[in-house]
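One file, target.cif, is given below (mmCIF, C-alpha atoms).
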```
data_entry
#
loop_
_atom_site.label_atom_id
_atom_site.label_comp_id
_atom_site.auth_asym_id
_atom_site.auth_seq_id
_atom_site.Cartn_x
_atom_site.Cartn_y
_atom_site.Cartn_z
CA MET A 1 13.61 26.14 -45.74
CA LYS A 2 15.81 25.55 -42.70
CA LEU A 3 14.56 25.30 -39.12
CA LYS A 4 16.60 24.89 -35.96
CA GLN A 5 15.50 22.01 -33.75
CA TYR A 6 16.63 20.68 -30.38
CA GLN A 7 16.03 17.33 -28.73
CA VAL A 8 15.73 17.59 -24.96
CA ASP A 9 15.37 14.86 -22.35
CA ALA A 10 12.78 16.21 -19.91
CA PHE A 11 12.37 15.08 -16.30
CA ALA A 12 15.93 13.78 -16.60
CA SER A 13 19.05 14.38 -14.53
CA ARG A 14 21.31 12.98 -17.24
CA ALA A 15 21.12 12.19 -20.96
CA PHE A 16 19.06 9.27 -22.24
CA GLU A 17 16.56 9.11 -19.39
CA GLY A 18 13.28 10.92 -18.86
CA ASN A 19 11.13 11.79 -21.86
CA PRO A 20 12.68 13.08 -25.11
CA ALA A 21 10.90 15.97 -26.83
CA ALA A 22 11.74 17.82 -30.02
CA VAL A 23 11.63 21.62 -29.67
CA CYS A 24 11.41 23.82 -32.74
CA PRO A 25 11.54 27.63 -32.31
CA LEU A 26 9.73 29.50 -35.11
CA HIS A 27 9.65 33.12 -36.22
CA ASP A 28 6.06 32.70 -37.47
CA TRP A 29 3.59 29.84 -37.55
CA LEU A 30 3.86 27.37 -40.39
CA ASP A 31 0.91 25.56 -41.93
CA ASP A 32 -0.65 23.05 -39.52
CA ALA A 33 -0.12 20.18 -41.96
CA LEU A 34 3.59 20.98 -42.06
CA LEU A 35 3.83 21.10 -38.26
CA GLN A 36 2.16 17.70 -38.11
CA ALA A 37 4.50 16.33 -40.79
CA ILE A 38 7.55 17.46 -38.80
CA ALA A 39 6.17 15.76 -35.67
CA GLU A 40 5.53 12.59 -37.62
CA GLU A 41 9.06 12.72 -39.03
CA ASN A 42 10.51 13.12 -35.52
CA ASN A 43 8.41 10.17 -34.28
CA LEU A 44 8.77 11.25 -30.65
CA SER A 45 5.83 11.36 -28.26
CA GLU A 46 5.78 15.16 -28.64
CA THR A 47 7.23 17.87 -30.83
CA ALA A 48 6.83 21.40 -29.46
CA PHE A 49 6.72 24.54 -31.60
CA PHE A 50 6.81 28.06 -30.17
CA VAL A 51 6.68 31.62 -31.50
CA ALA A 52 7.73 34.68 -29.49
CA THR A 53 4.93 37.14 -28.68
CA GLY A 54 4.91 40.50 -26.96
CA GLU A 55 4.24 38.96 -23.54
CA GLY A 56 5.98 35.60 -23.87
CA PHE A 57 5.62 32.69 -26.27
CA ALA A 58 2.78 30.90 -28.03
CA LEU A 59 3.31 27.16 -27.65
CA ARG A 60 1.78 24.14 -29.43
CA TRP A 61 2.40 20.40 -29.08
CA PHE A 62 2.06 17.61 -31.65
CA THR A 63 2.29 13.84 -31.27
CA PRO A 64 3.15 11.86 -34.43
CA VAL A 65 -0.57 11.74 -35.27
CA ALA A 66 -2.34 14.76 -33.71
CA GLU A 67 -2.09 18.10 -31.95
CA VAL A 68 -2.84 17.90 -28.20
CA ASP A 69 -4.24 20.36 -25.66
CA LEU A 70 -1.58 19.94 -22.98
CA CYS A 71 1.88 18.40 -22.70
CA GLY A 72 4.11 18.67 -19.67
CA HIS A 73 7.44 17.26 -20.75
CA ALA A 74 7.52 19.23 -24.02
CA THR A 75 6.67 22.41 -22.09
CA LEU A 76 9.58 21.69 -19.74
CA ALA A 77 11.81 21.02 -22.76
CA SER A 78 10.72 24.27 -24.44
CA ALA A 79 11.42 26.31 -21.30
CA HIS A 80 14.83 24.65 -21.03
CA VAL A 81 15.67 25.72 -24.60
CA ILE A 82 14.46 29.28 -23.99
CA PHE A 83 16.37 29.66 -20.71
CA GLU A 84 19.55 27.72 -21.44
CA ILE A 85 20.08 28.07 -25.20
CA MET A 86 18.29 31.29 -26.12
CA GLY A 87 19.47 33.06 -22.95
CA HIS A 88 16.07 34.28 -21.74
CA ALA A 89 16.83 36.75 -18.94
CA LYS A 90 13.46 37.02 -17.20
CA PRO A 91 12.85 34.61 -14.29
CA VAL A 92 9.47 33.43 -15.58
CA ILE A 93 8.34 32.30 -19.03
CA THR A 94 4.66 32.59 -19.94
CA PHE A 95 3.35 30.27 -22.64
CA ALA A 96 0.00 30.95 -24.33
CA THR A 97 -1.51 27.54 -25.11
CA ARG A 98 -4.76 25.68 -25.76
CA SER A 99 -4.88 25.11 -21.99
CA GLY A 100 -4.53 28.79 -21.12
CA ASP A 101 -1.43 30.60 -19.91
CA LEU A 102 1.21 28.24 -18.49
CA ARG A 103 4.13 29.65 -16.51
CA VAL A 104 7.55 28.13 -15.98
CA GLN A 105 10.14 29.50 -13.57
CA ARG A 106 13.54 28.51 -12.29
CA GLN A 107 13.70 26.88 -8.87
CA GLY A 108 17.40 26.32 -8.26
CA SER A 109 18.54 23.60 -10.66
CA LEU A 110 14.92 22.69 -11.49
CA LEU A 111 12.23 24.23 -13.65
CA GLU A 112 8.76 24.53 -12.09
CA MET A 113 5.66 24.49 -14.30
CA ASP A 114 2.32 25.97 -13.22
CA PHE A 115 -0.44 23.83 -14.77
CA PRO A 116 -4.20 23.46 -14.27
CA SER A 117 -5.30 20.79 -11.80
CA THR A 118 -7.54 18.15 -13.40
CA PRO A 119 -9.21 16.07 -10.68
CA ALA A 120 -10.63 12.74 -11.80
CA ALA A 121 -14.05 11.40 -10.79
CA PRO A 122 -14.98 7.76 -10.09
CA CYS A 123 -16.47 5.98 -13.09
CA ALA A 124 -17.56 2.56 -14.30
CA ILE A 125 -14.69 0.37 -15.50
CA PRO A 126 -14.80 0.04 -19.30
CA ALA A 127 -14.38 -3.50 -20.62
CA ALA A 128 -11.65 -2.31 -23.02
CA LEU A 129 -9.68 -0.96 -20.04
CA LEU A 130 -9.73 -4.30 -18.25
CA ALA A 131 -8.81 -6.14 -21.43
CA GLY A 132 -6.09 -3.62 -22.24
CA LEU A 133 -4.43 -3.79 -18.82
CA GLY A 134 -5.01 -7.50 -18.28
CA ARG A 135 -5.81 -7.10 -14.60
CA GLN A 136 -8.39 -5.63 -12.23
CA PRO A 137 -7.64 -2.21 -10.69
CA LEU A 138 -8.73 -1.31 -7.17
CA GLU A 139 -10.62 1.66 -8.61
CA VAL A 140 -10.95 3.60 -11.85
CA LEU A 141 -11.52 7.33 -12.23
CA ALA A 142 -11.81 9.53 -15.30
CA ALA A 143 -10.74 13.00 -16.38
CA ASP A 144 -9.18 13.61 -19.82
CA ASP A 145 -7.57 10.20 -19.23
CA TYR A 146 -8.65 7.14 -17.29
CA LEU A 147 -6.84 6.70 -13.98
CA ALA A 148 -6.54 3.10 -12.77
CA ILE A 149 -5.33 2.63 -9.20
CA PHE A 150 -3.46 -0.49 -8.06
CA ALA A 151 -2.13 -1.67 -4.72
CA SER A 152 1.62 -1.80 -5.34
CA GLU A 153 4.50 -0.45 -7.37
CA ALA A 154 5.33 -4.01 -8.44
CA GLU A 155 1.93 -4.29 -10.18
CA ILE A 156 2.51 -1.05 -12.07
CA ARG A 157 5.94 -2.17 -13.26
CA THR A 158 4.70 -5.54 -14.55
CA ILE A 159 1.63 -4.39 -16.52
CA MET A 160 1.92 -5.41 -20.18
CA PRO A 161 -0.78 -3.37 -21.94
CA ASP A 162 -2.63 -4.33 -25.10
CA PRO A 163 -2.47 -1.17 -27.29
CA GLY A 164 -5.29 -2.41 -29.54
CA CYS A 165 -7.72 -2.60 -26.65
CA LEU A 166 -6.65 0.67 -25.05
CA SER A 167 -6.97 2.53 -28.36
CA GLN A 168 -10.72 1.74 -28.31
CA LEU A 169 -11.30 3.85 -25.20
CA ASP A 170 -13.10 7.19 -25.39
CA ARG A 171 -10.41 9.13 -23.46
CA ARG A 172 -6.95 10.32 -24.49
CA GLY A 173 -5.14 7.56 -22.64
CA VAL A 174 -4.77 5.50 -19.47
CA ILE A 175 -2.77 6.34 -16.34
CA VAL A 176 -1.95 3.50 -13.97
CA SER A 177 -0.72 4.38 -10.50
CA ALA A 178 0.06 2.98 -7.05
CA PRO A 179 1.90 3.95 -3.86
CA GLY A 180 5.65 4.10 -4.39
CA ILE A 181 8.45 2.46 -2.47
CA GLU A 182 10.96 5.35 -2.56
CA VAL A 183 8.53 8.10 -3.65
CA ASP A 184 4.95 8.93 -2.69
CA PHE A 185 3.46 7.42 -5.84
CA VAL A 186 4.47 5.84 -9.13
CA SER A 187 2.71 5.72 -12.47
CA ARG A 188 2.83 4.75 -16.14
CA PHE A 189 0.91 6.24 -19.07
CA PHE A 190 -0.42 4.66 -22.27
CA ALA A 191 -1.96 6.59 -25.20
CA PRO A 192 -1.93 4.34 -28.29
CA LYS A 193 -4.83 6.31 -29.82
CA TYR A 194 -2.38 9.23 -30.17
CA GLY A 195 0.49 7.14 -31.48
CA ILE A 196 2.09 6.71 -28.04
CA PRO A 197 2.04 3.05 -26.87
CA GLU A 198 3.78 4.17 -23.65
CA ASP A 199 4.97 7.66 -22.78
CA PRO A 200 8.22 7.67 -20.77
CA VAL A 201 7.31 10.58 -18.43
CA THR A 202 4.02 12.49 -18.71
CA GLY A 203 3.68 15.89 -17.07
CA SER A 204 0.00 16.32 -17.99
CA ALA A 205 -0.88 13.00 -16.34
CA HIS A 206 0.36 14.47 -13.07
CA CYS A 207 -2.32 17.16 -13.31
CA VAL A 208 -4.65 14.23 -12.60
CA LEU A 209 -2.36 12.27 -10.29
CA THR A 210 -1.44 15.16 -7.98
CA PRO A 211 -4.96 16.01 -6.74
CA TYR A 212 -5.76 12.30 -6.37
CA TRP A 213 -2.71 11.47 -4.24
CA ALA A 214 -2.85 14.76 -2.33
CA GLY A 215 -6.37 13.87 -1.24
CA ARG A 216 -5.50 10.27 -0.46
CA LEU A 217 -2.28 11.01 1.45
CA GLY A 218 -3.45 14.26 3.09
CA ARG A 219 -0.44 16.25 1.82
CA ASN A 220 -0.15 18.84 -0.94
CA THR A 221 3.57 18.35 -1.65
CA LEU A 222 4.48 14.98 -3.14
CA SER A 223 7.30 13.10 -4.84
CA ALA A 224 6.58 10.99 -7.91
CA ARG A 225 8.30 8.70 -10.37
CA GLN A 226 7.02 7.46 -13.70
CA VAL A 227 8.36 3.90 -13.89
CA SER A 228 8.62 3.45 -17.65
CA LYS A 229 11.76 1.88 -19.10
CA ARG A 230 13.48 5.30 -19.22
CA GLY A 231 11.81 6.63 -16.08
CA GLY A 232 11.79 10.08 -14.57
CA ASN A 233 11.20 11.93 -11.29
CA LEU A 234 8.80 14.81 -10.66
CA GLY A 235 8.07 17.09 -7.76
CA CYS A 236 4.33 17.74 -7.44
CA SER A 237 2.49 20.38 -5.42
CA LEU A 238 -1.24 21.05 -5.31
CA GLN A 239 -2.01 24.77 -4.99
CA GLY A 240 -5.77 25.23 -5.13
CA ASP A 241 -6.87 24.66 -8.71
CA ARG A 242 -3.26 24.60 -9.96
CA VAL A 243 -0.56 21.93 -9.94
CA LEU A 244 3.13 22.85 -9.72
CA LEU A 245 5.35 20.27 -11.43
CA SER A 246 9.12 20.46 -11.20
CA GLY A 247 11.91 18.64 -12.96
CA SER A 248 15.18 19.05 -14.79
CA ALA A 249 16.08 18.73 -18.47
CA ILE A 250 19.14 17.99 -20.62
CA THR A 251 19.81 18.98 -24.24
CA VAL A 252 21.04 15.90 -26.13
CA MET A 253 20.85 17.02 -29.76
CA GLU A 254 20.91 20.15 -31.90
CA THR A 255 19.95 19.78 -35.52
CA GLU A 256 18.59 21.64 -38.55
CA ILE A 257 15.52 20.63 -40.51
CA CYS A 258 16.07 21.26 -44.22
CA PHE A 259 13.27 20.87 -46.80
CA SER A 260 11.53 22.51 -49.72
CA PRO A 261 8.15 23.94 -48.67
#
```

Translate the structure described by the file into structure tokens.
Amino acid sequence: MKLKQYQVDAFASRAFEGNPAAVCPLHDWLDDALLQAIAEENNLSETAFFVATGEGFALRWFTPVAEVDLCGHATLASAHVIFEIMGHAKPVITFATRSGDLRVQRQGSLLEMDFPSTPAAPCAIPAALLAGLGRQPLEVLAADDYLAIFASEAEIRTIMPDPGCLSQLDRRGVIVSAPGIEVDFVSRFFAPKYGIPEDPVTGSAHCVLTPYWAGRLGRNTLSARQVSKRGGNLGCSLQGDRVLLSGSAITVMETEICFSP
């Protein structure tokens, strides 16, 4: 069996920044165990698989250890492949996913994703979170992930997480965030439970971050940067119960997976 695969740097303006995702177009769905094995072989934070449908594309995302309900950067990467490599002519792509229909459209040189907003609620601070981050946040909230708020960008950049402690938490992962110096807010994201010690740029985390910072700053349109080692910029806009996330992407690799099923 031979499968075409692309590696795309998402939320990147040039190669080797942003978040790399593997994108694998399929004619029909393969066995779930095989999809997971391909994602494990790639050993990237996400591998995306999509199949064309009558109305758009069915899209799924796998980390090296599990399938997930929502992934922003691999959705951006998939849309980039469909628009730029497959020559999709329509202005909007609709993906059917575990998180409902997700739409991606061109906005000049950027791609804009329409995702569900996921506001976080204040919660008690778990002991494993404090131990895992090694410092006391100003506040902690929870949605699908924990959101820990700090006072400064410098604090976010210097956090050295303990993956063992953070993997004990009952949520997918931990977002840390603070006001930015050159952007409205900065963040980092850790999900060791899902085989991702630190994700370079996390679109789904901004479904939580956007409503938080929109409420705090009193503005619905925001600029953001995830300050991982690779780093990446995002445009964020809160539109009711939806979040619009925009960014660019670059294809860095085209390859073919060859194996005996």

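Residues having any atom no farther than 7 Å from (-6.3, 24.3, -11.8) (counting all atoms listed in the file) are A:Phe115, A:Pro116, A:Ser117, A:Thr118, A:Gly240, A:Asp241, A:Arg242, A:Val243.
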
Practice task
Go through A:Leu169, A:Cys71, A:Ala79, A:Ala124 one by one, measure the shortest atom-to-atom distance of each to A:Pro137 using all atoms listed in the file, and give the residue with the smallest value.
Solution key: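 Smallest distance to A:Pro137 is found for A:Ala124.
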
*Using all atoms listed in the file, pick whichever of A:Leu138, A:Ala143, A:Val23, A:Ile125 has the shortest atom-to-atom distance to A:Pro211.*
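Among the listed residues, the smallest separation from A:Pro211 belongs to A:Ala143.
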
For the structure shown, which residues end up in the PyMOL selection byres ((chain A and resi 112) around 8)? Put them as a PyMOL selection string, please?
chain A and resi 104-107+110-111+113-114+244-247

Residues from the last selection, C-alpha atoms, saved as a PDB file, keeping the file's coordinate frame:
```
ATOM      1  CA  VAL A 104       7.550  28.130 -15.980  1.00  0.00           C
ATOM      2  CA  GLN A 105      10.140  29.500 -13.570  1.00  0.00           C
ATOM      3  CA  ARG A 106      13.540  28.510 -12.290  1.00  0.00           C
ATOM      4  CA  GLN A 107      13.700  26.880  -8.870  1.00  0.00           C
ATOM      5  CA  LEU A 110      14.920  22.690 -11.490  1.00  0.00           C
ATOM      6  CA  LEU A 111      12.230  24.230 -13.650  1.00  0.00           C
ATOM      7  CA  MET A 113       5.660  24.490 -14.300  1.00  0.00           C
ATOM      8  CA  ASP A 114       2.320  25.970 -13.220  1.00  0.00           C
ATOM      9  CA  LEU A 244       3.130  22.850  -9.720  1.00  0.00           C
ATOM     10  CA  LEU A 245       5.350  20.270 -11.430  1.00  0.00           C
ATOM     11  CA  SER A 246       9.120  20.460 -11.200  1.00  0.00           C
ATOM     12  CA  GLY A 247      11.910  18.640 -12.960  1.00  0.00           C
TER      13      GLY A 247
END
```

Can you list what the PyMOL selection byres ((chain A and resi 64-66) around 9) grabs from this structure, as a PyMOL selection string? chain A and resi 36-47+61-63+67-68+193-196

- Message: Excluding A:Phe95 and its own-chain neighbours fewer than 5 positions away, which residues fall within 7 Å of it when counting all atoms listed in the file? Please give them as a list in words.
- Response: Gly56, Phe57, Ala58, Leu59, Asp101, Leu102 and Arg103 of chain A
